[in-house]
file work-v5.cif (mmCIF, N, CA and C atoms)
data_query
loop_
_atom_site.label_atom_id
_atom_site.label_comp_id
_atom_site.auth_asym_id
_atom_site.auth_seq_id
_atom_site.Cartn_x
_atom_site.Cartn_y
_atom_site.Cartn_z
N MET L 1 -49.70 -53.77 -46.91
CA MET L 1 -48.38 -53.33 -47.31
C MET L 1 -47.59 -52.80 -46.12
N LEU L 2 -48.26 -52.06 -45.24
CA LEU L 2 -47.60 -51.54 -44.05
C LEU L 2 -47.08 -52.67 -43.17
N ARG L 3 -47.92 -53.72 -43.01
CA ARG L 3 -47.49 -54.86 -42.21
C ARG L 3 -46.27 -55.55 -42.81
N LEU L 4 -46.24 -55.65 -44.11
CA LEU L 4 -45.10 -56.28 -44.78
C LEU L 4 -43.84 -55.46 -44.58
N SER L 5 -43.96 -54.16 -44.66
CA SER L 5 -42.81 -53.27 -44.44
C SER L 5 -42.31 -53.37 -43.01
N LEU L 6 -43.23 -53.36 -42.05
CA LEU L 6 -42.85 -53.49 -40.64
C LEU L 6 -42.20 -54.84 -40.37
N ALA L 7 -42.72 -55.88 -40.98
CA ALA L 7 -42.13 -57.21 -40.80
C ALA L 7 -40.72 -57.25 -41.37
N ALA L 8 -40.52 -56.63 -42.53
CA ALA L 8 -39.18 -56.61 -43.14
C ALA L 8 -38.19 -55.83 -42.29
N ILE L 9 -38.63 -54.71 -41.75
CA ILE L 9 -37.76 -53.89 -40.89
C ILE L 9 -37.43 -54.66 -39.62
N THR L 10 -38.43 -55.29 -39.00
CA THR L 10 -38.20 -56.07 -37.79
C THR L 10 -37.22 -57.21 -38.05
N PHE L 11 -37.40 -57.92 -39.16
CA PHE L 11 -36.49 -59.01 -39.51
C PHE L 11 -35.07 -58.49 -39.70
N ALA L 12 -34.93 -57.37 -40.38
CA ALA L 12 -33.59 -56.80 -40.62
C ALA L 12 -32.92 -56.42 -39.30
N LEU L 13 -33.67 -55.84 -38.38
CA LEU L 13 -33.11 -55.46 -37.07
C LEU L 13 -32.70 -56.69 -36.27
N LEU L 14 -33.53 -57.73 -36.29
CA LEU L 14 -33.20 -58.94 -35.55
C LEU L 14 -31.95 -59.62 -36.11
N VAL L 15 -31.81 -59.61 -37.42
CA VAL L 15 -30.63 -60.20 -38.05
C VAL L 15 -29.38 -59.39 -37.70
N ALA L 16 -29.49 -58.07 -37.63
CA ALA L 16 -28.34 -57.20 -37.37
C ALA L 16 -27.93 -57.20 -35.90
N MET L 17 -28.83 -57.53 -34.99
CA MET L 17 -28.53 -57.43 -33.55
C MET L 17 -27.34 -58.27 -33.11
N PRO L 18 -27.19 -59.54 -33.51
CA PRO L 18 -26.00 -60.27 -33.05
C PRO L 18 -24.70 -59.59 -33.45
N CYS L 19 -24.66 -58.98 -34.62
CA CYS L 19 -23.45 -58.27 -35.05
C CYS L 19 -23.19 -57.07 -34.15
N ALA L 20 -24.25 -56.36 -33.80
CA ALA L 20 -24.09 -55.19 -32.92
C ALA L 20 -23.61 -55.64 -31.55
N ARG L 21 -24.17 -56.75 -31.04
CA ARG L 21 -23.73 -57.24 -29.74
C ARG L 21 -22.28 -57.70 -29.79
N ALA L 22 -21.92 -58.37 -30.87
CA ALA L 22 -20.54 -58.85 -31.00
C ALA L 22 -19.57 -57.68 -31.01
N ALA L 23 -19.91 -56.61 -31.73
CA ALA L 23 -19.04 -55.43 -31.75
C ALA L 23 -18.94 -54.84 -30.36
N GLY L 24 -20.06 -54.84 -29.61
CA GLY L 24 -20.03 -54.33 -28.25
C GLY L 24 -19.13 -55.15 -27.34
N VAL L 25 -19.22 -56.47 -27.47
CA VAL L 25 -18.38 -57.36 -26.67
C VAL L 25 -16.92 -57.17 -27.05
N GLU L 26 -16.64 -57.03 -28.33
CA GLU L 26 -15.26 -56.79 -28.78
C GLU L 26 -14.72 -55.50 -28.19
N GLN L 27 -15.54 -54.46 -28.14
CA GLN L 27 -15.10 -53.18 -27.57
C GLN L 27 -14.84 -53.30 -26.08
N LEU L 28 -15.71 -54.03 -25.38
CA LEU L 28 -15.51 -54.23 -23.94
C LEU L 28 -14.20 -54.97 -23.69
N GLU L 29 -13.92 -55.99 -24.48
CA GLU L 29 -12.67 -56.74 -24.33
C GLU L 29 -11.46 -55.85 -24.64
N ALA L 30 -11.58 -55.02 -25.66
CA ALA L 30 -10.49 -54.09 -26.00
C ALA L 30 -10.27 -53.10 -24.86
N ASN L 31 -11.36 -52.61 -24.24
CA ASN L 31 -11.23 -51.68 -23.12
C ASN L 31 -10.51 -52.35 -21.95
N LYS L 32 -10.86 -53.61 -21.66
CA LYS L 32 -10.21 -54.32 -20.56
C LYS L 32 -8.72 -54.53 -20.85
N LYS L 33 -8.38 -54.91 -22.06
CA LYS L 33 -6.97 -55.11 -22.42
C LYS L 33 -6.19 -53.80 -22.32
N MET L 34 -6.81 -52.71 -22.76
CA MET L 34 -6.15 -51.41 -22.71
C MET L 34 -5.88 -50.99 -21.27
N VAL L 35 -6.86 -51.15 -20.38
CA VAL L 35 -6.68 -50.77 -18.98
C VAL L 35 -5.65 -51.68 -18.31
N ALA L 36 -5.66 -52.97 -18.62
CA ALA L 36 -4.66 -53.88 -18.05
C ALA L 36 -3.25 -53.45 -18.47
N ALA L 37 -3.09 -53.06 -19.72
CA ALA L 37 -1.78 -52.59 -20.20
C ALA L 37 -1.40 -51.27 -19.53
N PHE L 38 -2.38 -50.39 -19.33
CA PHE L 38 -2.13 -49.12 -18.65
C PHE L 38 -1.66 -49.37 -17.22
N GLU L 39 -2.36 -50.23 -16.48
CA GLU L 39 -1.96 -50.53 -15.10
C GLU L 39 -0.56 -51.15 -15.07
N ASP L 40 -0.27 -52.06 -15.99
CA ASP L 40 1.05 -52.68 -16.00
C ASP L 40 2.14 -51.64 -16.22
N ALA L 41 1.93 -50.76 -17.19
CA ALA L 41 2.93 -49.73 -17.48
C ALA L 41 3.12 -48.78 -16.30
N ALA L 42 2.01 -48.36 -15.68
CA ALA L 42 2.08 -47.38 -14.60
C ALA L 42 2.52 -48.00 -13.28
N LEU L 43 1.91 -49.10 -12.89
CA LEU L 43 2.10 -49.64 -11.54
C LEU L 43 3.22 -50.67 -11.44
N ASN L 44 3.43 -51.44 -12.48
CA ASN L 44 4.46 -52.50 -12.42
C ASN L 44 5.77 -52.07 -13.07
N GLN L 45 5.67 -51.51 -14.26
CA GLN L 45 6.89 -51.03 -14.92
C GLN L 45 7.31 -49.67 -14.38
N LYS L 46 6.35 -48.95 -13.81
CA LYS L 46 6.60 -47.60 -13.29
C LYS L 46 7.20 -46.70 -14.38
N ASP L 47 6.57 -46.73 -15.54
CA ASP L 47 7.05 -46.04 -16.74
C ASP L 47 5.97 -45.06 -17.21
N PHE L 48 6.13 -43.80 -16.84
CA PHE L 48 5.12 -42.80 -17.21
C PHE L 48 4.97 -42.67 -18.72
N ASP L 49 6.08 -42.67 -19.45
CA ASP L 49 5.99 -42.53 -20.91
C ASP L 49 5.16 -43.65 -21.52
N ALA L 50 5.37 -44.88 -21.05
CA ALA L 50 4.58 -46.01 -21.55
C ALA L 50 3.12 -45.87 -21.14
N ALA L 51 2.88 -45.47 -19.89
CA ALA L 51 1.51 -45.34 -19.38
C ALA L 51 0.77 -44.20 -20.06
N SER L 52 1.47 -43.13 -20.37
CA SER L 52 0.80 -41.94 -20.92
C SER L 52 0.20 -42.19 -22.30
N LYS L 53 0.66 -43.21 -23.01
CA LYS L 53 0.08 -43.47 -24.33
C LYS L 53 -1.35 -44.00 -24.22
N TYR L 54 -1.76 -44.41 -23.00
CA TYR L 54 -3.12 -44.88 -22.77
C TYR L 54 -4.04 -43.78 -22.24
N LEU L 55 -3.49 -42.58 -22.01
CA LEU L 55 -4.29 -41.47 -21.49
C LEU L 55 -4.96 -40.71 -22.62
N GLY L 56 -6.15 -40.21 -22.33
CA GLY L 56 -6.87 -39.35 -23.26
C GLY L 56 -6.39 -37.92 -23.15
N PRO L 57 -7.13 -36.99 -23.73
CA PRO L 57 -6.72 -35.58 -23.71
C PRO L 57 -6.81 -34.94 -22.33
N ARG L 58 -7.47 -35.61 -21.40
CA ARG L 58 -7.54 -35.14 -20.02
C ARG L 58 -7.42 -36.36 -19.12
N TYR L 59 -7.06 -36.15 -17.87
CA TYR L 59 -7.00 -37.23 -16.89
C TYR L 59 -7.49 -36.67 -15.57
N THR L 60 -8.74 -36.96 -15.24
CA THR L 60 -9.35 -36.46 -14.03
C THR L 60 -9.18 -37.50 -12.93
N GLN L 61 -8.54 -37.10 -11.85
CA GLN L 61 -8.24 -37.99 -10.72
C GLN L 61 -9.26 -37.72 -9.62
N HIS L 62 -9.96 -38.76 -9.15
CA HIS L 62 -10.97 -38.60 -8.11
C HIS L 62 -10.47 -39.02 -6.73
N ASN L 63 -9.27 -39.57 -6.63
CA ASN L 63 -8.70 -39.89 -5.32
C ASN L 63 -8.29 -38.57 -4.69
N PRO L 64 -8.84 -38.21 -3.51
CA PRO L 64 -8.54 -36.90 -2.92
C PRO L 64 -7.09 -36.75 -2.45
N ASN L 65 -6.36 -37.86 -2.39
CA ASN L 65 -4.96 -37.80 -1.97
C ASN L 65 -3.99 -37.80 -3.13
N ALA L 66 -4.51 -37.76 -4.35
CA ALA L 66 -3.65 -37.81 -5.54
C ALA L 66 -3.85 -36.54 -6.37
N ALA L 67 -2.77 -36.04 -6.93
CA ALA L 67 -2.85 -34.84 -7.77
C ALA L 67 -3.56 -35.16 -9.08
N ASP L 68 -4.20 -34.17 -9.63
CA ASP L 68 -5.00 -34.31 -10.85
C ASP L 68 -4.13 -34.24 -12.10
N GLY L 69 -4.64 -34.77 -13.18
CA GLY L 69 -4.02 -34.63 -14.49
C GLY L 69 -2.85 -35.57 -14.74
N PRO L 70 -2.34 -35.56 -15.95
CA PRO L 70 -1.20 -36.41 -16.30
C PRO L 70 0.02 -36.14 -15.42
N GLU L 71 0.22 -34.89 -15.03
CA GLU L 71 1.36 -34.58 -14.16
C GLU L 71 1.20 -35.22 -12.78
N GLY L 72 -0.03 -35.32 -12.31
CA GLY L 72 -0.30 -36.01 -11.05
C GLY L 72 0.06 -37.49 -11.16
N LEU L 73 -0.32 -38.11 -12.27
CA LEU L 73 0.04 -39.51 -12.50
C LEU L 73 1.55 -39.67 -12.60
N LYS L 74 2.19 -38.75 -13.28
CA LYS L 74 3.65 -38.79 -13.42
C LYS L 74 4.31 -38.72 -12.04
N GLY L 75 3.80 -37.85 -11.18
CA GLY L 75 4.33 -37.72 -9.82
C GLY L 75 4.11 -38.98 -9.00
N TYR L 76 2.95 -39.61 -9.16
CA TYR L 76 2.67 -40.84 -8.42
C TYR L 76 3.60 -41.97 -8.87
N ILE L 77 3.82 -42.08 -10.17
CA ILE L 77 4.72 -43.11 -10.69
C ILE L 77 6.14 -42.86 -10.18
N ALA L 78 6.57 -41.61 -10.15
CA ALA L 78 7.91 -41.28 -9.62
C ALA L 78 8.00 -41.64 -8.14
N PHE L 79 6.92 -41.38 -7.37
CA PHE L 79 6.87 -41.76 -5.96
C PHE L 79 7.02 -43.27 -5.80
N LEU L 80 6.27 -44.06 -6.59
CA LEU L 80 6.39 -45.52 -6.52
C LEU L 80 7.81 -45.97 -6.84
N LYS L 81 8.37 -45.40 -7.90
CA LYS L 81 9.72 -45.79 -8.33
C LYS L 81 10.75 -45.49 -7.25
N ASP L 82 10.59 -44.36 -6.55
CA ASP L 82 11.54 -43.95 -5.53
C ASP L 82 11.33 -44.70 -4.20
N LYS L 83 10.10 -44.74 -3.71
CA LYS L 83 9.81 -45.28 -2.38
C LYS L 83 9.50 -46.77 -2.38
N PHE L 84 8.92 -47.28 -3.45
CA PHE L 84 8.50 -48.69 -3.52
C PHE L 84 8.88 -49.29 -4.87
N PRO L 85 10.16 -49.41 -5.14
CA PRO L 85 10.59 -49.90 -6.46
C PRO L 85 10.13 -51.32 -6.79
N SER L 86 9.82 -52.12 -5.75
CA SER L 86 9.37 -53.48 -6.03
C SER L 86 7.84 -53.59 -6.04
N ASN L 87 7.15 -52.45 -5.96
CA ASN L 87 5.69 -52.45 -6.00
C ASN L 87 5.20 -53.27 -7.20
N HIS L 88 4.19 -54.11 -6.95
CA HIS L 88 3.62 -54.91 -8.02
C HIS L 88 2.12 -55.05 -7.77
N SER L 89 1.33 -54.85 -8.82
CA SER L 89 -0.11 -55.03 -8.74
C SER L 89 -0.51 -56.18 -9.65
N GLU L 90 -1.32 -57.07 -9.11
CA GLU L 90 -1.81 -58.21 -9.89
C GLU L 90 -3.33 -58.08 -10.04
N ILE L 91 -3.79 -58.11 -11.26
CA ILE L 91 -5.23 -58.04 -11.52
C ILE L 91 -5.85 -59.38 -11.14
N LYS L 92 -6.81 -59.32 -10.23
CA LYS L 92 -7.53 -60.52 -9.81
C LYS L 92 -8.85 -60.66 -10.56
N HIS L 93 -9.50 -59.53 -10.81
CA HIS L 93 -10.76 -59.51 -11.58
C HIS L 93 -10.77 -58.22 -12.41
N ILE L 94 -11.38 -58.30 -13.58
CA ILE L 94 -11.53 -57.09 -14.41
C ILE L 94 -12.88 -57.18 -15.12
N PHE L 95 -13.61 -56.09 -15.07
CA PHE L 95 -14.95 -56.02 -15.62
C PHE L 95 -15.06 -54.76 -16.48
N ALA L 96 -15.86 -54.84 -17.52
CA ALA L 96 -16.12 -53.66 -18.34
C ALA L 96 -17.62 -53.47 -18.47
N ASP L 97 -18.04 -52.23 -18.39
CA ASP L 97 -19.44 -51.86 -18.56
C ASP L 97 -19.45 -50.57 -19.36
N GLY L 98 -19.70 -50.68 -20.65
CA GLY L 98 -19.66 -49.50 -21.51
C GLY L 98 -18.26 -48.90 -21.51
N ASP L 99 -18.17 -47.62 -21.18
CA ASP L 99 -16.88 -46.91 -21.16
C ASP L 99 -16.19 -46.98 -19.80
N TYR L 100 -16.66 -47.84 -18.91
CA TYR L 100 -16.04 -47.99 -17.60
C TYR L 100 -15.38 -49.38 -17.49
N VAL L 101 -14.20 -49.39 -16.89
CA VAL L 101 -13.51 -50.64 -16.60
C VAL L 101 -13.20 -50.64 -15.11
N ILE L 102 -13.58 -51.74 -14.45
CA ILE L 102 -13.38 -51.89 -13.02
C ILE L 102 -12.36 -53.01 -12.80
N VAL L 103 -11.33 -52.72 -12.03
CA VAL L 103 -10.25 -53.68 -11.80
C VAL L 103 -10.10 -53.94 -10.31
N HIS L 104 -10.09 -55.21 -9.93
CA HIS L 104 -9.85 -55.61 -8.54
C HIS L 104 -8.41 -56.10 -8.49
N ASP L 105 -7.56 -55.35 -7.82
CA ASP L 105 -6.12 -55.61 -7.79
C ASP L 105 -5.65 -56.06 -6.42
N HIS L 106 -4.60 -56.85 -6.43
CA HIS L 106 -3.83 -57.13 -5.22
C HIS L 106 -2.51 -56.41 -5.40
N ALA L 107 -2.29 -55.37 -4.63
CA ALA L 107 -1.08 -54.55 -4.75
C ALA L 107 -0.17 -54.83 -3.55
N VAL L 108 1.07 -55.16 -3.84
CA VAL L 108 2.06 -55.39 -2.79
C VAL L 108 3.20 -54.40 -3.03
N ARG L 109 3.36 -53.47 -2.10
CA ARG L 109 4.41 -52.45 -2.25
C ARG L 109 5.78 -52.99 -1.89
N GLU L 110 5.85 -53.82 -0.87
CA GLU L 110 7.13 -54.37 -0.42
C GLU L 110 7.01 -55.87 -0.27
N ALA L 111 8.00 -56.60 -0.76
CA ALA L 111 8.00 -58.06 -0.65
C ALA L 111 7.83 -58.49 0.81
N GLY L 112 7.08 -59.54 1.02
CA GLY L 112 6.88 -60.06 2.36
C GLY L 112 5.72 -59.42 3.11
N THR L 113 5.06 -58.43 2.52
CA THR L 113 3.91 -57.81 3.16
C THR L 113 2.63 -58.34 2.51
N ARG L 114 1.51 -58.19 3.22
CA ARG L 114 0.22 -58.67 2.70
C ARG L 114 -0.30 -57.78 1.58
N GLY L 115 -0.02 -56.51 1.66
CA GLY L 115 -0.44 -55.59 0.62
C GLY L 115 -1.84 -55.05 0.80
N PHE L 116 -2.44 -54.70 -0.30
CA PHE L 116 -3.73 -54.01 -0.32
C PHE L 116 -4.66 -54.65 -1.35
N ALA L 117 -5.93 -54.64 -1.03
CA ALA L 117 -6.97 -54.95 -2.00
C ALA L 117 -7.43 -53.60 -2.54
N ILE L 118 -7.38 -53.44 -3.85
CA ILE L 118 -7.72 -52.16 -4.46
C ILE L 118 -8.74 -52.37 -5.56
N VAL L 119 -9.74 -51.51 -5.59
CA VAL L 119 -10.66 -51.47 -6.72
C VAL L 119 -10.39 -50.15 -7.44
N ASN L 120 -9.94 -50.26 -8.68
CA ASN L 120 -9.72 -49.09 -9.53
C ASN L 120 -10.85 -49.04 -10.54
N ILE L 121 -11.39 -47.86 -10.73
CA ILE L 121 -12.44 -47.65 -11.72
C ILE L 121 -11.92 -46.62 -12.72
N TYR L 122 -11.98 -46.97 -13.97
CA TYR L 122 -11.50 -46.09 -15.04
C TYR L 122 -12.64 -45.76 -15.99
N LYS L 123 -12.71 -44.51 -16.40
CA LYS L 123 -13.63 -44.11 -17.47
C LYS L 123 -12.79 -43.89 -18.71
N LEU L 124 -13.27 -44.42 -19.83
CA LEU L 124 -12.58 -44.28 -21.10
C LEU L 124 -13.39 -43.42 -22.05
N GLU L 125 -12.70 -42.70 -22.89
CA GLU L 125 -13.31 -41.99 -24.02
C GLU L 125 -12.43 -42.27 -25.23
N SER L 126 -13.05 -42.71 -26.29
CA SER L 126 -12.32 -43.05 -27.53
C SER L 126 -11.19 -44.04 -27.24
N GLY L 127 -11.43 -44.97 -26.32
CA GLY L 127 -10.45 -46.00 -26.01
C GLY L 127 -9.27 -45.55 -25.17
N LYS L 128 -9.37 -44.39 -24.53
CA LYS L 128 -8.28 -43.86 -23.70
C LYS L 128 -8.81 -43.55 -22.30
N VAL L 129 -7.94 -43.69 -21.30
CA VAL L 129 -8.31 -43.40 -19.91
C VAL L 129 -8.42 -41.89 -19.72
N VAL L 130 -9.58 -41.46 -19.19
CA VAL L 130 -9.78 -40.03 -18.93
C VAL L 130 -10.16 -39.72 -17.48
N GLU L 131 -10.58 -40.76 -16.72
CA GLU L 131 -10.92 -40.54 -15.31
C GLU L 131 -10.53 -41.77 -14.51
N HIS L 132 -10.26 -41.55 -13.21
CA HIS L 132 -9.87 -42.64 -12.31
C HIS L 132 -10.43 -42.42 -10.91
N TRP L 133 -11.00 -43.49 -10.35
CA TRP L 133 -11.44 -43.55 -8.96
C TRP L 133 -10.78 -44.78 -8.35
N ASP L 134 -10.60 -44.79 -7.03
CA ASP L 134 -10.12 -46.02 -6.39
C ASP L 134 -10.61 -46.12 -4.96
N VAL L 135 -10.64 -47.36 -4.49
CA VAL L 135 -10.95 -47.68 -3.10
C VAL L 135 -9.85 -48.64 -2.67
N ILE L 136 -9.18 -48.31 -1.56
CA ILE L 136 -8.00 -49.08 -1.12
C ILE L 136 -8.24 -49.60 0.29
N GLN L 137 -7.97 -50.90 0.47
CA GLN L 137 -8.17 -51.53 1.77
C GLN L 137 -6.95 -52.40 2.11
N PRO L 138 -6.30 -52.14 3.23
CA PRO L 138 -5.18 -53.00 3.62
C PRO L 138 -5.68 -54.42 3.90
N ILE L 139 -4.88 -55.40 3.55
CA ILE L 139 -5.23 -56.79 3.84
C ILE L 139 -4.83 -57.08 5.28
N PRO L 140 -5.80 -57.40 6.14
CA PRO L 140 -5.49 -57.59 7.56
C PRO L 140 -4.76 -58.90 7.82
N GLU L 141 -4.10 -58.94 8.96
CA GLU L 141 -3.40 -60.16 9.37
C GLU L 141 -4.39 -61.29 9.62
N LYS L 142 -5.51 -60.95 10.28
CA LYS L 142 -6.53 -61.95 10.56
C LYS L 142 -7.88 -61.41 10.07
N ALA L 143 -8.66 -62.32 9.48
CA ALA L 143 -9.98 -61.96 8.99
C ALA L 143 -11.06 -62.59 9.86
N ALA L 144 -12.22 -62.01 9.85
CA ALA L 144 -13.36 -62.54 10.61
C ALA L 144 -14.00 -63.73 9.89
N ASN L 145 -13.53 -64.03 8.66
CA ASN L 145 -14.06 -65.17 7.90
C ASN L 145 -12.92 -65.82 7.12
N ASP L 146 -13.20 -66.91 6.47
CA ASP L 146 -12.19 -67.63 5.70
C ASP L 146 -12.36 -67.45 4.20
N ASN L 147 -13.05 -66.42 3.76
CA ASN L 147 -13.39 -66.25 2.35
C ASN L 147 -12.28 -65.63 1.51
N GLY L 148 -11.33 -64.97 2.11
CA GLY L 148 -10.29 -64.29 1.35
C GLY L 148 -10.80 -63.01 0.72
N MET L 149 -9.91 -62.16 0.33
CA MET L 149 -10.31 -60.86 -0.26
C MET L 149 -10.37 -60.89 -1.77
N PHE L 150 -9.92 -61.99 -2.36
CA PHE L 150 -9.91 -62.06 -3.81
C PHE L 150 -10.65 -63.30 -4.28
#

call {"tool": "encode", "arguments": {"input": "work-v5.cif", "output": "C-alpha cells"}}
result
Amino acid sequence: MLRLSLAAITFALLVAMPCARAAGVEQLEANKKMVAAFEDAALNQKDFDAASKYLGPRYTQHNPNAADGPEGLKGYIAFLKDKFPSNHSEIKHIFADGDYVIVHDHAVREAGTRGFAIVNIYKLESGKVVEHWDVIQPIPEKAANDNGMF
C-alpha cells in the first residue's frame, strides 16, 4: 500500500511539473517585458512618472555615482533630459533568472557618437524594480578584435 501511495504521489508531481515550469517561464517573460518597458520610459522617453510605475516600494541604487531611491532616479532622468535629450538606449540582449533581469544595452547619448555598452542588472520584487546595478564601458574607436561588443 505504501508503494502504491508513493507511486501515485510521484505520478502527480511529474504531471504537475510542466505546468509549474510553464508558469515560471511566463513569469520570467513578464519580468523581461516589465524591465524593457521601465528602461524605455526612463532612458528613452525620459519620463519619470511613466518609469516610476515600474518601481517597487524601495529603489536601491548600487552605482556609486548615482543617488539612491526614486528621487535619485528622478534626478538622473532630469539630467538626461537636460544634458542629453537625444539619449537613446537599445536593448541588445535581455535575460531573466528568477527575480533578476540582466539587460545588455547600447546607449548613445549624442547622435554620431559610438556610445556605451552597458549591462544593467535589476532585482524585482512582486514584479517591480527594487534594485539596480550597472557596468558601463565606452565603445572604443578601434578594437583589438573584430567580434563587436554586441

call {"tool": "closest_residue", "arguments": {"input": "work-v5.cif", "among": "L:Asp82, L:Asp49, L:Glu39, L:Glu26", "to": "Ala107 (chain L)", "atoms": "only C-alpha atoms"}}
result
L:Glu39

call {"tool": "residues_near_point", "arguments": {"input": "work-v5.cif", "point": "(-4.8, -59.3, -8.2)", "cutoff": "7 Å", "atoms": "only N, CA and C atoms", "output": "PyMOL selection string"}}
result
chain L and resi 89-93+104-107

call {"tool": "residues_around", "arguments": {"input": "work-v5.cif", "residues": "Gly98 (chain L)", "least_positions_apart": "3", "cutoff": "8 Å", "atoms": "all atoms listed in the file", "output": "PDB file with N, CA and C atoms, in the frame of the given file"}}
result
ATOM      1  N   GLN L  27     -15.540 -54.460 -28.140  1.00  0.00           N
ATOM      2  CA  GLN L  27     -15.100 -53.180 -27.570  1.00  0.00           C
ATOM      3  C   GLN L  27     -14.840 -53.300 -26.080  1.00  0.00           C
ATOM      4  N   LEU L  28     -15.710 -54.030 -25.380  1.00  0.00           N
ATOM      5  CA  LEU L  28     -15.510 -54.230 -23.940  1.00  0.00           C
ATOM      6  C   LEU L  28     -14.200 -54.970 -23.690  1.00  0.00           C
ATOM      7  N   ASN L  31     -11.360 -52.610 -24.240  1.00  0.00           N
ATOM      8  CA  ASN L  31     -11.230 -51.680 -23.120  1.00  0.00           C
ATOM      9  C   ASN L  31     -10.510 -52.350 -21.950  1.00  0.00           C
ATOM     10  N   PHE L  95     -13.610 -56.090 -15.070  1.00  0.00           N
ATOM     11  CA  PHE L  95     -14.950 -56.020 -15.620  1.00  0.00           C
ATOM     12  C   PHE L  95     -15.060 -54.760 -16.480  1.00  0.00           C
ATOM     13  N   VAL L 101     -14.200 -49.390 -16.890  1.00  0.00           N
ATOM     14  CA  VAL L 101     -13.510 -50.640 -16.600  1.00  0.00           C
ATOM     15  C   VAL L 101     -13.200 -50.640 -15.110  1.00  0.00           C
ATOM     16  N   LYS L 123     -12.710 -44.510 -16.400  1.00  0.00           N
ATOM     17  CA  LYS L 123     -13.630 -44.110 -17.470  1.00  0.00           C
ATOM     18  C   LYS L 123     -12.790 -43.890 -18.710  1.00  0.00           C
ATOM     19  N   LEU L 124     -13.270 -44.420 -19.830  1.00  0.00           N
ATOM     20  CA  LEU L 124     -12.580 -44.280 -21.100  1.00  0.00           C
ATOM     21  C   LEU L 124     -13.390 -43.420 -22.050  1.00  0.00           C
TER      22      LEU L 124
END

call {"tool": "residues_around", "arguments": {"input": "work-v5.cif", "residues": "Ser52 (chain L)", "least_positions_apart": "2", "cutoff": "8 Å", "atoms": "all atoms listed in the file", "output": "number ranges by chain"}}
result
L: 38, 41-42, 47-50, 54-56, 70

call {"tool": "select_by_dssp", "arguments": {"input": "work-v5.cif", "residues": "region 22-75 of chain L", "states": "helix (DSSP H, G or I)", "output": "ChimeraX atom specification"}}
result
/L:22-44,48-52,69-75

call {"tool": "select_by_dssp", "arguments": {"input": "work-v5.cif", "residues": "region 51-110 of chain L", "states": "strand (DSSP E or B)", "output": "PyMOL selection string"}}
result
chain L and resi 55-61+88-97+100-108

call {"tool": "resolve_selection", "arguments": {"input": "work-v5.cif", "expression": "the PyMOL selection byres ((chain L and resi 131) around 7)", "output": "VMD selection string"}}
result
chain L and resid 58 to 62 121 to 125 128 to 130 132 to 133

call {"tool": "build_atoms", "arguments": {"input": "work-v5.cif", "residues": "region 143-147 of chain L", "atoms": "all heavy atoms", "output": "CSV table (one decimal), in the frame of the given file"}}
result
chain,number,residue,atom,x,y,z
L,143,ALA,N,-8.7,-62.3,9.5
L,143,ALA,CA,-10.0,-62.0,9.0
L,143,ALA,C,-11.1,-62.6,9.9
L,143,ALA,O,-10.8,-63.6,10.5
L,143,ALA,CB,-10.1,-62.4,7.5
L,144,ALA,N,-12.2,-62.0,9.8
L,144,ALA,CA,-13.4,-62.5,10.6
L,144,ALA,C,-14.0,-63.7,9.9
L,144,ALA,O,-14.9,-64.3,10.4
L,144,ALA,CB,-14.4,-61.4,10.8
L,145,ASN,N,-13.5,-64.0,8.7
L,145,ASN,CA,-14.1,-65.2,7.9
L,145,ASN,C,-12.9,-65.8,7.1
L,145,ASN,O,-11.8,-65.3,7.1
L,145,ASN,CB,-15.2,-64.7,7.0
L,145,ASN,CG,-14.7,-63.7,6.0
L,145,ASN,OD1,-13.8,-63.9,5.2
L,145,ASN,ND2,-15.3,-62.5,6.0
L,146,ASP,N,-13.2,-66.9,6.5
L,146,ASP,CA,-12.2,-67.6,5.7
L,146,ASP,C,-12.4,-67.4,4.2
L,146,ASP,O,-11.9,-68.3,3.4
L,146,ASP,CB,-12.2,-69.1,6.0
L,146,ASP,CG,-11.9,-69.4,7.5
L,146,ASP,OD1,-11.0,-68.7,8.0
L,146,ASP,OD2,-12.5,-70.4,8.1
L,147,ASN,N,-13.0,-66.4,3.8
L,147,ASN,CA,-13.4,-66.2,2.4
L,147,ASN,C,-12.3,-65.6,1.5
L,147,ASN,O,-12.3,-65.7,0.3
L,147,ASN,CB,-14.7,-65.4,2.2
L,147,ASN,CG,-15.8,-66.1,2.9
L,147,ASN,OD1,-16.0,-67.3,2.9
L,147,ASN,ND2,-16.7,-65.3,3.5
